[in-house]
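Enquirer: Input query-v9.cif, format and content: mmCIF, N, CA and C atoms.
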data_entry
loop_
_atom_site.label_atom_id
_atom_site.label_comp_id
_atom_site.auth_asym_id
_atom_site.auth_seq_id
_atom_site.Cartn_x
_atom_site.Cartn_y
_atom_site.Cartn_z
N MET A 1 124.46 100.91 103.05
CA MET A 1 123.52 101.29 101.99
C MET A 1 122.49 100.17 101.76
N LEU A 2 122.92 98.94 101.69
CA LEU A 2 121.98 97.86 101.44
C LEU A 2 120.95 97.76 102.55
N GLU A 3 121.36 97.94 103.78
CA GLU A 3 120.44 97.87 104.91
C GLU A 3 119.37 98.95 104.78
N ALA A 4 119.74 100.12 104.30
CA ALA A 4 118.81 101.23 104.16
C ALA A 4 117.78 100.98 103.07
N LEU A 5 118.08 100.14 102.10
CA LEU A 5 117.13 99.85 101.03
C LEU A 5 115.95 99.03 101.50
N LYS A 6 116.15 98.23 102.52
CA LYS A 6 115.10 97.29 102.92
C LYS A 6 113.78 97.95 103.28
N PRO A 7 113.75 99.01 104.10
CA PRO A 7 112.45 99.64 104.37
C PRO A 7 111.81 100.20 103.10
N GLY A 8 112.62 100.77 102.22
CA GLY A 8 112.08 101.33 100.98
C GLY A 8 111.49 100.27 100.07
N ILE A 9 112.14 99.12 100.00
CA ILE A 9 111.61 98.03 99.19
C ILE A 9 110.28 97.57 99.79
N ARG A 10 110.23 97.44 101.12
CA ARG A 10 108.99 97.00 101.77
C ARG A 10 107.87 98.01 101.56
N ALA A 11 108.22 99.30 101.57
CA ALA A 11 107.21 100.34 101.40
C ALA A 11 106.87 100.59 99.94
N GLY A 12 107.67 100.05 99.04
CA GLY A 12 107.43 100.26 97.62
C GLY A 12 108.05 101.52 97.08
N THR A 13 108.97 102.15 97.82
CA THR A 13 109.61 103.39 97.37
C THR A 13 111.01 103.16 96.83
N ALA A 14 111.52 101.95 96.90
CA ALA A 14 112.82 101.60 96.33
C ALA A 14 112.63 100.40 95.41
N SER A 15 113.48 100.33 94.41
CA SER A 15 113.38 99.23 93.45
C SER A 15 113.80 97.91 94.09
N PRO A 16 113.07 96.86 93.81
CA PRO A 16 113.44 95.55 94.34
C PRO A 16 114.73 95.04 93.72
N VAL A 17 115.44 94.24 94.47
CA VAL A 17 116.66 93.59 94.00
C VAL A 17 116.39 92.10 93.99
N VAL A 18 116.52 91.51 92.83
CA VAL A 18 116.24 90.09 92.68
C VAL A 18 117.54 89.31 92.81
N SER A 19 117.51 88.26 93.59
CA SER A 19 118.67 87.40 93.75
C SER A 19 118.92 86.65 92.46
N ASP A 20 120.19 86.58 92.07
CA ASP A 20 120.52 85.84 90.86
C ASP A 20 121.02 84.43 91.19
N SER A 21 120.74 84.01 92.41
CA SER A 21 121.09 82.66 92.81
C SER A 21 119.89 82.04 93.53
N ASP A 22 120.07 80.85 94.00
CA ASP A 22 119.00 80.19 94.74
C ASP A 22 119.04 80.53 96.22
N TYR A 23 119.89 81.48 96.59
CA TYR A 23 120.08 81.83 97.99
C TYR A 23 119.64 83.26 98.24
N ILE A 24 119.27 83.54 99.47
CA ILE A 24 118.91 84.89 99.89
C ILE A 24 120.04 85.40 100.78
N THR A 25 120.48 86.61 100.54
CA THR A 25 121.54 87.22 101.33
C THR A 25 120.93 87.78 102.60
N VAL A 26 121.30 87.21 103.74
CA VAL A 26 120.78 87.70 105.02
C VAL A 26 121.25 89.14 105.20
N GLY A 27 120.30 90.04 105.41
CA GLY A 27 120.60 91.45 105.56
C GLY A 27 120.70 92.20 104.25
N GLY A 28 120.59 91.49 103.13
CA GLY A 28 120.70 92.11 101.82
C GLY A 28 119.35 92.53 101.28
N PRO A 29 119.36 93.33 100.22
CA PRO A 29 118.09 93.79 99.66
C PRO A 29 117.24 92.65 99.09
N ASP A 30 117.89 91.56 98.66
CA ASP A 30 117.10 90.43 98.15
C ASP A 30 116.33 89.75 99.28
N GLU A 31 116.79 89.92 100.53
CA GLU A 31 116.04 89.42 101.66
C GLU A 31 114.72 90.19 101.79
N SER A 32 114.76 91.48 101.47
CA SER A 32 113.54 92.28 101.52
C SER A 32 112.50 91.80 100.53
N ILE A 33 112.96 91.40 99.35
CA ILE A 33 112.04 90.89 98.34
C ILE A 33 111.35 89.64 98.87
N ASP A 34 112.13 88.77 99.48
CA ASP A 34 111.55 87.56 100.05
C ASP A 34 110.57 87.91 101.17
N ASN A 35 110.95 88.90 101.99
CA ASN A 35 110.09 89.33 103.08
C ASN A 35 108.77 89.89 102.55
N VAL A 36 108.85 90.69 101.50
CA VAL A 36 107.63 91.25 100.91
C VAL A 36 106.75 90.14 100.35
N ALA A 37 107.37 89.16 99.70
CA ALA A 37 106.60 88.05 99.15
C ALA A 37 105.90 87.27 100.25
N GLU A 38 106.60 87.05 101.35
CA GLU A 38 106.05 86.25 102.44
C GLU A 38 105.12 87.04 103.36
N CYS A 39 105.48 88.28 103.64
CA CYS A 39 104.76 89.06 104.67
C CYS A 39 104.01 90.27 104.11
N GLY A 40 104.16 90.51 102.80
CA GLY A 40 103.53 91.67 102.19
C GLY A 40 102.04 91.80 102.47
N PRO A 41 101.28 90.72 102.35
CA PRO A 41 99.85 90.85 102.63
C PRO A 41 99.56 91.34 104.05
N ALA A 42 100.35 90.89 105.01
CA ALA A 42 100.14 91.36 106.39
C ALA A 42 100.50 92.83 106.52
N TRP A 43 101.60 93.25 105.87
CA TRP A 43 101.98 94.67 105.90
C TRP A 43 100.88 95.52 105.29
N ARG A 44 100.43 95.11 104.10
CA ARG A 44 99.40 95.90 103.41
C ARG A 44 98.07 95.85 104.14
N GLY A 45 97.83 94.80 104.90
CA GLY A 45 96.58 94.68 105.63
C GLY A 45 96.56 95.41 106.96
N THR A 46 97.69 95.97 107.36
CA THR A 46 97.78 96.72 108.61
C THR A 46 97.57 98.20 108.31
N PRO A 47 96.53 98.81 108.87
CA PRO A 47 96.24 100.21 108.56
C PRO A 47 97.44 101.13 108.83
N SER A 48 97.73 101.96 107.87
CA SER A 48 98.75 103.03 107.94
C SER A 48 100.19 102.54 107.99
N VAL A 49 100.46 101.25 107.92
CA VAL A 49 101.84 100.78 108.05
C VAL A 49 102.70 101.21 106.86
N VAL A 50 102.17 101.19 105.64
CA VAL A 50 102.95 101.60 104.48
C VAL A 50 103.28 103.08 104.57
N GLU A 51 102.33 103.89 104.98
CA GLU A 51 102.58 105.33 105.14
C GLU A 51 103.64 105.57 106.21
N TRP A 52 103.56 104.84 107.32
CA TRP A 52 104.52 104.95 108.40
C TRP A 52 105.93 104.59 107.90
N LEU A 53 106.03 103.47 107.18
CA LEU A 53 107.32 103.03 106.68
C LEU A 53 107.87 104.01 105.64
N THR A 54 107.01 104.57 104.81
CA THR A 54 107.43 105.55 103.82
C THR A 54 108.01 106.79 104.50
N LYS A 55 107.42 107.22 105.60
CA LYS A 55 107.96 108.36 106.37
C LYS A 55 109.35 108.05 106.91
N ILE A 56 109.55 106.82 107.39
CA ILE A 56 110.86 106.43 107.91
C ILE A 56 111.90 106.47 106.80
N VAL A 57 111.55 105.94 105.64
CA VAL A 57 112.48 105.95 104.51
C VAL A 57 112.80 107.39 104.11
N ALA A 58 111.81 108.26 104.09
CA ALA A 58 112.03 109.66 103.71
C ALA A 58 112.95 110.37 104.70
N ALA A 59 112.97 109.93 105.95
CA ALA A 59 113.80 110.58 106.97
C ALA A 59 115.24 110.08 106.97
N LEU A 60 115.54 109.02 106.21
CA LEU A 60 116.90 108.52 106.16
C LEU A 60 117.80 109.53 105.46
N PRO A 61 119.07 109.61 105.84
CA PRO A 61 120.00 110.49 105.13
C PRO A 61 120.02 110.12 103.63
N ALA A 62 120.24 111.11 102.78
CA ALA A 62 120.16 110.93 101.34
C ALA A 62 121.05 109.79 100.84
N ASN A 63 122.22 109.61 101.42
CA ASN A 63 123.12 108.55 100.93
C ASN A 63 122.70 107.17 101.40
N GLU A 64 121.68 107.07 102.24
CA GLU A 64 121.20 105.78 102.72
C GLU A 64 119.81 105.43 102.20
N ALA A 65 119.11 106.35 101.58
CA ALA A 65 117.73 106.11 101.14
C ALA A 65 117.67 105.44 99.80
#
Translate this structure into structure tokens?
Expert:
Amino acid sequence: MLEALKPGIRAGTASPVVSDSDYITVGGPDESIDNVAECGPAWRGTPSVVEWLTKIVAALPANEA
């Protein structure tokens, strides 16, 4: 389930999960928040990437989206 949240967080279709420690969980949803903070401008600056990622999230099984 946590792995499935990451594309949604990056696309803005899932709620972000904030780490309550000074560490990032590798593979966890808080890693996505860090990724968005670091790489978000590049994602948003790439034409159609958010729409593409949103389609991928929509295609995930309901229990994983």
Enquirer: Can you list, as a list in words, every protein, DNA or RNA residue that comes within 6 Å of A:Ala11 when you count only C-alpha atoms, leaving out same-chain residues fewer than 5 positions away?
Expert: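 My reading of the contact set: Val50, Leu53 and Thr54 of chain A.
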Enquirer: Produce a file of the selected residues containing N, CA and C atoms, as a CSV table (one decimal), in the frame of the given file.
Expert:
chain,number,residue,atom,x,y,z
A,50,VAL,N,102.2,101.2,105.6
A,50,VAL,CA,103.0,101.6,104.5
A,50,VAL,C,103.3,103.1,104.6
A,53,LEU,N,106.0,103.5,107.2
A,53,LEU,CA,107.3,103.0,106.7
A,53,LEU,C,107.9,104.0,105.6
A,54,THR,N,107.0,104.6,104.8
A,54,THR,CA,107.4,105.6,103.8
A,54,THR,C,108.0,106.8,104.5
Enquirer: Rounded to one decimal in Å, what is the spacing between atom N of A:Gly28 and atom CA of A:Trp52?
Expert: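 Straight-line distance from atom N of A:Gly28 to atom CA of A:Trp52 works out to 21.6 Å.
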Enquirer: List, as an MDAnalysis selection string, every residue that the PyMOL selection byres (((chain A and resi 35-43 and name CA) around 10) and name CA) selects in the file provided.
Expert: chainID A and resid 6 9:12 16 29:34 44:50 53
Enquirer: In Å, how far is it from atom CA of A:Lys55 to atom CA of A:Gly27?
Expert: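 For atom CA of A:Lys55 relative to atom CA of A:Gly27, the distance reads 21.1 Å.
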Enquirer: Distance atom CA of A:Gly8-atom CA of A:Val57, one decimal place?
Expert: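 Taking atom CA of A:Gly8 as the start and atom CA of A:Val57 as the end point, the length is 5.8 Å.
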